[in-house]
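Worksheet: one structure, shown below.
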Amino acid sequence: MLKILKYSFIDLIRSHWSYVYFLFYLILGFVLLFINNDLSKAIITLMNIIIVLTPLIGTLLGVMYYYHSREFTELLLAQPLKRSTIFFGQYLGLSISLTFSLVVGLGIPFLAYGLIQSTVIFNFISLLLIGSLLSFIFTALALNIAIANDDRIKGFGYSILLWLFMAVIYDGLFLVSLVSFSDYPLEKFALGVTVFNPIDLSRIYIVLKLDIAALLGYTGAVFNSFFGTSYGKILSFLLLVLWVIIPSIRIITSSNKKDF
Amino acid sequence: MKKYILFLFYIGSTNALMSEEIIVCKTCDIASIKHAVKTAQSGDTITVKEGIYNETEIVIDKPLTVMGQNVIIDAGFNGGIFEIIADSVSISGFTLNNTGMSYTKDIAAVYCYRINNFKFENLIINKSQFAILVHKSKNGIIRKNTIVGNAETEAGGGNGIHLWHSNNIEIADNTITGMRDGIYFEFVDNSVILNNRSAENLRYGLHFMFSNYNTYQNNSFENNGAGVAVMFSKFITMENNLFKHNWGTAAYGLLLKEIYDGEISGNQFIQNTTGINVEGSTRINYHNNTFDNNGWGVKIAGGCYDNNFTLNDFINNSFDVSYYGGMNNNTFYQNYWSEYAGYDLNYDGFGDITYRPVKLFSYVVGKTPEAIILMRSLFVDIINFSEKVTPVFTPDQIQDDTPVIDIINKSELND
């Protein structure tokens with residue numbers, strides 16, 4: 001599996017995608033810090049970008065990479081290797097390379113601007129952690145889509161729809177349901193719904209860091225009393241991890257059943 | 001001639017009487033303050049020497065100056081300490097501890113009733129139900145006192161400096177923490193509150209009820225249950241105060257309710273759940289204030305007429321303005337908005353396109369508070385943007401036609 005992971009990783013680097021992605025974060029980081037020397041403000045801006053961008057890149061690149069390397073995968077399937085090894089290796093290669101671009105690309109500018117001495121290092125680490133988890137989650141979801149659809153156009157369509165649903169439509173439906181049932185106490189419902197979307201879950205982390213003053217008003221206190229405690233934090237982190245585990249197990253089971 | 005000498009003698013004797021000093025100490029003939037007050041004549045000075053005195057209910061019924069030198073008076077939770085019912089009394093330099101509390105009467109470390117011309121200075125008051133309680137008095141100075149309370153419930157706690165039906169009082173340089181309300185005014189006119197620090201109080205840092213023509217300046221109100229409340233009052237001037245970190249489910253930096261003809265300028269509202277909450281208030285000028293990192297900068301509920309917001313800075317608030325009700329001649333003019341995304345082509349310092357401070361999302365959150373959980377979602381950004389382009393739900397008259405490009409009140413930010 002490690003060997004396949006290595007091949008996928010090197011393959012991605014050779015195809016320049018990792019470079020482009022890495023350079024994007026590198027430049028973004030430097031530009032943000034150049035314009036505004038304040039590390040904490042740059043982290044706030046990045047958090048907003050990351051919760052939208054990492055899922056998008058994860059899904060698109062995941063689907064693209066699967067279709068692109070289909071022939072190589074078929075070649076590997078002819079070898080005496082377990083299917084789970086092949087697909088899991090590819091998945092890890094892909095998501096690790098995305099995470100690598102994110103972590104190193106943002107790490108360099110922030111280290112250059114004195115992250116170590118600053119007090120926001122914990123915020124920065126949680127930013128990278130959320131970004132990495134989102135990369136892992138959405139790459140796994142994308143591979144699930146790609147394995148289920150041999151038709152490339154369909155696969156791309158579904159993956160874009162997935163991103164659109166998670167990032168935008170879900171919140172829209174959420175808001176509509178909140179407004180139309182506003183006569184009822186909705187705090188618990190709102191908490192529950194948030195937990196089922198990894199992007200929302202990550203966003204709440206950010207909102208709790210930035211807009212705590214607004215969240216503390218009225219019903220916000222209820223949310224804060226959940227997400228603000230270590231119990232809530234651990235629970236939501238575990239849920240994000242669960243979001244990684246379930247799709248990646250499904251990669252293995254569906255690839256085992258698939259007729260190539 | 002005889003008459004003249006007699007007159008001189010008379011003046012001399014009264015002078016001697018007026019300047020008499022009574023010394024109280026543990027080993028003196030007069031070992032208690034109560035005893036000293038009893039023997040003193042009007043206008044005497046009582047100097048209390050170092051030590052701990054266990055006394056309660058010292059009634060001062062004649063004009064006296066009472067000074068302490070490192071004196072602690074411990075009431076042992078048995079009742080109030082000084083009760084003043086005479087004019088021209090000055091009390092200074094005491095540490096007053098442990099008055100205890102009661103649900104049936106108001107116990108205070110310093111209580112005065114119907115007096116004129118008083119001065120309470122350099123007192124340290126610990127663990128008392130009310131610290132300084134002033135009823136129906138006038139022309140007083142309450143200065144440089146430190147009040148530390150341990151109020152646990154709103155019903156059981158008292159206020160730091162509580163004024164009722166009083167007039168012409170100056171409250172300056174006090175520090176008040178851990179009480180129910182830091183400073184409380186009810187039916188108090190023509191008074192000033194200067195340079196005080198009111199923090200970590202259970203309810204309000206400062207509370208005005210039915211009090212007119214008052215001014216408060218250069219005070220700081222931090223971490224109070226609900227900030228400062230000004231209610232049912234007229235002609236209040238609020239200048240250069242700091243409202244910081246008043247967080248909570250119903251917390252405001254400043255709550256205005258039924259206020260007429262006020263002036264709010266040069267204040268800083270930093271990290272409050274709501275900067276200013278305005279209800280039923282009319283003819284108020286808000287200028288040169290800074291709203292920085294609040295949940296809501298300004299919340300305007302119904303019944304507000306002729307409020308003018310000029311030259312204020314709105315910086316990084318989650319919501320700058322939220323608004324319910326009609327326009328009612330309220331205006332926003334030449335403010336700085338950190339979220340303003342317009343341009344200034346002719347370099348006159350004012351943005352060329354109008355800024356609308358009320359977002360659709362703030363309107364939605366007003367209707368369904370639970371929706372706050374969707375803050376900073378991409379979907380919310382999208383609907384905010386579309387609402388900004390063509391306002392449908394939010395009142396489109398709320399706008400700043402000349403938003404300022406740069407932060408206006410810079411020097412105050414550096415304070």
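Each chain of the structure tokens is named A, B, ... in the order shown, its residues numbered from 1; ligands are numbered from 1 in display order.
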Please identify every residue of chain B that has at least one atom no farther than 7 Å from an atom of chain A, counting only C-alpha atoms, and for each give the shortest atom pair and the distance in Å to one decimal, arranged by chain then increasing number, as a tab-separated table.
residue	atom	partner	partner_atom	distance
B:Trp247	CA	A:Ala213	CA	6.5
B:Gly248	CA	A:Leu216	CA	5.5
B:Thr249	CA	A:Gly217	CA	4.3
B:Ala250	CA	A:Gly217	CA	6.2
B:Gln271	CA	A:Ala213	CA	6.3
B:Asn272	CA	A:Ala213	CA	6.1
B:Thr273	CA	A:Ala213	CA	4.6
B:Asn294	CA	A:Ala213	CA	6.0
B:Gly295	CA	A:Ala214	CA	3.6
B:Trp296	CA	A:Ala214	CA	6.6
B:Ser318	CA	A:Asp211	CA	6.4
B:Thr368	CA	A:Ser182	CA	5.8
B:Pro369	CA	A:Thr219	CA	6.2
B:Glu370	CA	A:Thr219	CA	6.0
B:Ala371	CA	A:Leu175	CA	6.5
B:Ile372	CA	A:Gly220	CA	6.9
B:Leu378	CA	A:Val168	CA	6.0
B:Phe379	CA	A:Val168	CA	4.9
Could the residues in this selection be written to a file with N, CA, C and O atoms, as a PDB file, in the first residue's frame?
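Just written: selection.pdb:
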ATOM      1  N   TRP B 247     -20.606  40.934  27.698  1.00  0.00           N
ATOM      2  CA  TRP B 247     -21.046  39.772  26.942  1.00  0.00           C
ATOM      3  C   TRP B 247     -22.144  39.037  27.667  1.00  0.00           C
ATOM      4  O   TRP B 247     -22.087  38.857  28.860  1.00  0.00           O
ATOM      5  N   GLY B 248     -23.089  38.547  26.919  1.00  0.00           N
ATOM      6  CA  GLY B 248     -24.086  37.693  27.545  1.00  0.00           C
ATOM      7  C   GLY B 248     -25.328  37.607  26.707  1.00  0.00           C
ATOM      8  O   GLY B 248     -25.451  38.250  25.667  1.00  0.00           O
ATOM      9  N   THR B 249     -26.253  36.804  27.190  1.00  0.00           N
ATOM     10  CA  THR B 249     -27.452  36.567  26.395  1.00  0.00           C
ATOM     11  C   THR B 249     -28.276  37.825  26.243  1.00  0.00           C
ATOM     12  O   THR B 249     -28.943  38.001  25.247  1.00  0.00           O
ATOM     13  N   ALA B 250     -28.286  38.710  27.219  1.00  0.00           N
ATOM     14  CA  ALA B 250     -29.039  39.951  27.077  1.00  0.00           C
ATOM     15  C   ALA B 250     -28.144  41.128  27.437  1.00  0.00           C
ATOM     16  O   ALA B 250     -28.526  42.007  28.174  1.00  0.00           O
ATOM     17  N   GLN B 271     -16.112  44.961  21.715  1.00  0.00           N
ATOM     18  CA  GLN B 271     -16.435  43.563  22.048  1.00  0.00           C
ATOM     19  C   GLN B 271     -17.623  43.409  22.971  1.00  0.00           C
ATOM     20  O   GLN B 271     -17.576  42.681  23.960  1.00  0.00           O
ATOM     21  N   ASN B 272     -18.707  44.089  22.661  1.00  0.00           N
ATOM     22  CA  ASN B 272     -19.937  43.850  23.401  1.00  0.00           C
ATOM     23  C   ASN B 272     -20.864  42.996  22.539  1.00  0.00           C
ATOM     24  O   ASN B 272     -20.769  43.015  21.314  1.00  0.00           O
ATOM     25  N   THR B 273     -21.762  42.263  23.173  1.00  0.00           N
ATOM     26  CA  THR B 273     -22.738  41.522  22.376  1.00  0.00           C
ATOM     27  C   THR B 273     -23.541  42.504  21.519  1.00  0.00           C
ATOM     28  O   THR B 273     -23.693  42.315  20.317  1.00  0.00           O
ATOM     29  N   ASN B 294     -18.035  44.367  17.871  1.00  0.00           N
ATOM     30  CA  ASN B 294     -19.227  43.988  18.615  1.00  0.00           C
ATOM     31  C   ASN B 294     -20.023  42.968  17.809  1.00  0.00           C
ATOM     32  O   ASN B 294     -19.864  42.861  16.599  1.00  0.00           O
ATOM     33  N   GLY B 295     -20.903  42.248  18.494  1.00  0.00           N
ATOM     34  CA  GLY B 295     -21.817  41.374  17.770  1.00  0.00           C
ATOM     35  C   GLY B 295     -22.735  42.227  16.897  1.00  0.00           C
ATOM     36  O   GLY B 295     -22.743  42.115  15.685  1.00  0.00           O
ATOM     37  N   TRP B 296     -23.470  43.115  17.528  1.00  0.00           N
ATOM     38  CA  TRP B 296     -24.252  44.118  16.827  1.00  0.00           C
ATOM     39  C   TRP B 296     -23.691  45.483  17.216  1.00  0.00           C
ATOM     40  O   TRP B 296     -23.527  45.764  18.392  1.00  0.00           O
ATOM     41  N   SER B 318     -19.969  42.099  13.765  1.00  0.00           N
ATOM     42  CA  SER B 318     -20.645  41.034  13.022  1.00  0.00           C
ATOM     43  C   SER B 318     -21.826  41.628  12.253  1.00  0.00           C
ATOM     44  O   SER B 318     -22.040  41.309  11.096  1.00  0.00           O
ATOM     45  N   THR B 368     -35.649  35.114  13.180  1.00  0.00           N
ATOM     46  CA  THR B 368     -35.383  33.784  13.744  1.00  0.00           C
ATOM     47  C   THR B 368     -33.972  33.765  14.305  1.00  0.00           C
ATOM     48  O   THR B 368     -33.014  33.566  13.577  1.00  0.00           O
ATOM     49  N   PRO B 369     -33.862  33.980  15.596  1.00  0.00           N
ATOM     50  CA  PRO B 369     -32.539  34.091  16.205  1.00  0.00           C
ATOM     51  C   PRO B 369     -31.661  32.853  15.994  1.00  0.00           C
ATOM     52  O   PRO B 369     -30.440  32.960  15.947  1.00  0.00           O
ATOM     53  N   GLU B 370     -32.293  31.688  15.850  1.00  0.00           N
ATOM     54  CA  GLU B 370     -31.499  30.463  15.685  1.00  0.00           C
ATOM     55  C   GLU B 370     -30.650  30.509  14.415  1.00  0.00           C
ATOM     56  O   GLU B 370     -29.639  29.817  14.314  1.00  0.00           O
ATOM     57  N   ALA B 371     -31.079  31.316  13.458  1.00  0.00           N
ATOM     58  CA  ALA B 371     -30.352  31.371  12.185  1.00  0.00           C
ATOM     59  C   ALA B 371     -28.926  31.892  12.352  1.00  0.00           C
ATOM     60  O   ALA B 371     -28.115  31.785  11.433  1.00  0.00           O
ATOM     61  N   ILE B 372     -28.621  32.415  13.533  1.00  0.00           N
ATOM     62  CA  ILE B 372     -27.268  32.923  13.768  1.00  0.00           C
ATOM     63  C   ILE B 372     -26.228  31.831  13.513  1.00  0.00           C
ATOM     64  O   ILE B 372     -25.084  32.111  13.170  1.00  0.00           O
ATOM     65  N   LEU B 378     -21.384  30.458   3.103  1.00  0.00           N
ATOM     66  CA  LEU B 378     -21.328  30.958   1.730  1.00  0.00           C
ATOM     67  C   LEU B 378     -22.716  31.355   1.248  1.00  0.00           C
ATOM     68  O   LEU B 378     -22.897  32.363   0.563  1.00  0.00           O
ATOM     69  N   PHE B 379     -23.701  30.564   1.646  1.00  0.00           N
ATOM     70  CA  PHE B 379     -25.082  30.850   1.245  1.00  0.00           C
ATOM     71  C   PHE B 379     -25.520  32.223   1.757  1.00  0.00           C
ATOM     72  O   PHE B 379     -26.123  33.015   1.038  1.00  0.00           O
TER      73      PHE B 379
END
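The two atoms in question, atom CA of Glu200 of chain B and atom CA of Glu170 of chain B, are spaced 22.5 Å apart.
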Write out as a tab-separated table a residue-level contact list of segment 128-154 of chain A versus segment 88-93 of chain A with cut-off 8 Å: for each qualifying residue the closest pair of atoms and the distance in Å to one decimal, counting only C-alpha atoms, rows sorted by chain and residue number upward.
residue	atom	partner	partner_atom	distance
A:Thr139	CA	A:Tyr91	CA	7.3
A:Ala140	CA	A:Tyr91	CA	6.9
A:Leu143	CA	A:Tyr91	CA	7.6
Given the selection you just returned, output its residues as a file containing N, CA and C atoms, formatted as a CSV table (one decimal), in the first residue's frame.
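This is the output file out-v3.csv:
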chain,number,residue,atom,x,y,z
A,139,THR,N,-12.1,14.3,-0.6
A,139,THR,CA,-11.4,13.4,-1.6
A,139,THR,C,-12.1,12.0,-1.5
A,140,ALA,N,-12.4,11.6,-0.3
A,140,ALA,CA,-13.0,10.3,-0.1
A,140,ALA,C,-14.4,10.3,-0.8
A,143,LEU,N,-14.0,10.1,-4.6
A,143,LEU,CA,-13.6,8.8,-5.1
A,143,LEU,C,-14.8,7.9,-5.1
TODO: Measuring atom to atom with only C-alpha atoms, identify which of B:Lys136, B:Lys388, B:Lys367, B:Arg197 is nearest to Asn117 of chain B.
DONE: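 The answer is B:Lys136, which sits nearest to Asn117 of chain B.
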- [ ] Take atom CA of Thr65 of chain B and atom CA of Asn159 of chain B and report the distance between them in Å, one decimal.
- [x] 25.1 Å
Open item on the list: I'd like to know which residues of segment 193-301 of chain B are strand (DSSP E) (by DSSP, run on the backbone); could you write them as a PyMOL selection string?
Closed with: chain B and resi 193-194+197-199+206-209+215-217+220-222+228-234+237-239+242-244+254-260+263-265+268-270+274-279+285-287+290-292+296-300
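The residue set within 12 Å of Pro109 of chain A, counting only C-alpha atoms and dropping same-chain residues fewer than 4 places from it, reads A:Phe22, A:Leu23, A:Phe24, A:Tyr25, A:Leu26, A:Ile27, A:Leu28, A:Gly29, A:Phe30, A:Val31, A:Leu32, A:Leu33, A:Phe34, A:Asn37, A:Leu39, A:Ala42, A:Ile43, A:Leu102, A:Val103, A:Val104, A:Gly105, A:Tyr113, A:Gly114, A:Leu115, A:Ile116.
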For Glu279 of chain B, please output as an mmCIF file with C-alpha atoms, in the first residue's frame all residues within 7 Å (counting only C-alpha atoms; exclusion window: fewer than 6 positions along the same chain).
data_model
loop_
_atom_site.group_PDB
_atom_site.id
_atom_site.type_symbol
_atom_site.label_atom_id
_atom_site.label_comp_id
_atom_site.auth_asym_id
_atom_site.auth_seq_id
_atom_site.Cartn_x
_atom_site.Cartn_y
_atom_site.Cartn_z
ATOM 1 C CA LEU B 256 -31.190 53.339 25.881
ATOM 2 C CA LYS B 257 -34.858 53.205 26.693
ATOM 3 C CA GLU B 258 -37.166 56.212 26.515
ATOM 4 C CA ILE B 300 -32.550 50.170 16.811
ATOM 5 C CA ALA B 301 -35.974 48.971 17.827
ATOM 6 C CA GLY B 302 -39.263 50.725 17.264
ATOM 7 C CA GLY B 303 -40.358 54.164 18.398
ATOM 8 C CA CYS B 304 -37.093 55.994 17.725
#
TODO: Identify, on the basis of only C-alpha atoms, every residue whose closest approach to Thr95 of chain B does not exceed 6 Å; exclude the query and any residue fewer than 5 positions from it along the same chain; express the result as a ChimeraX atom specification.
DONE: /B:72,123-125
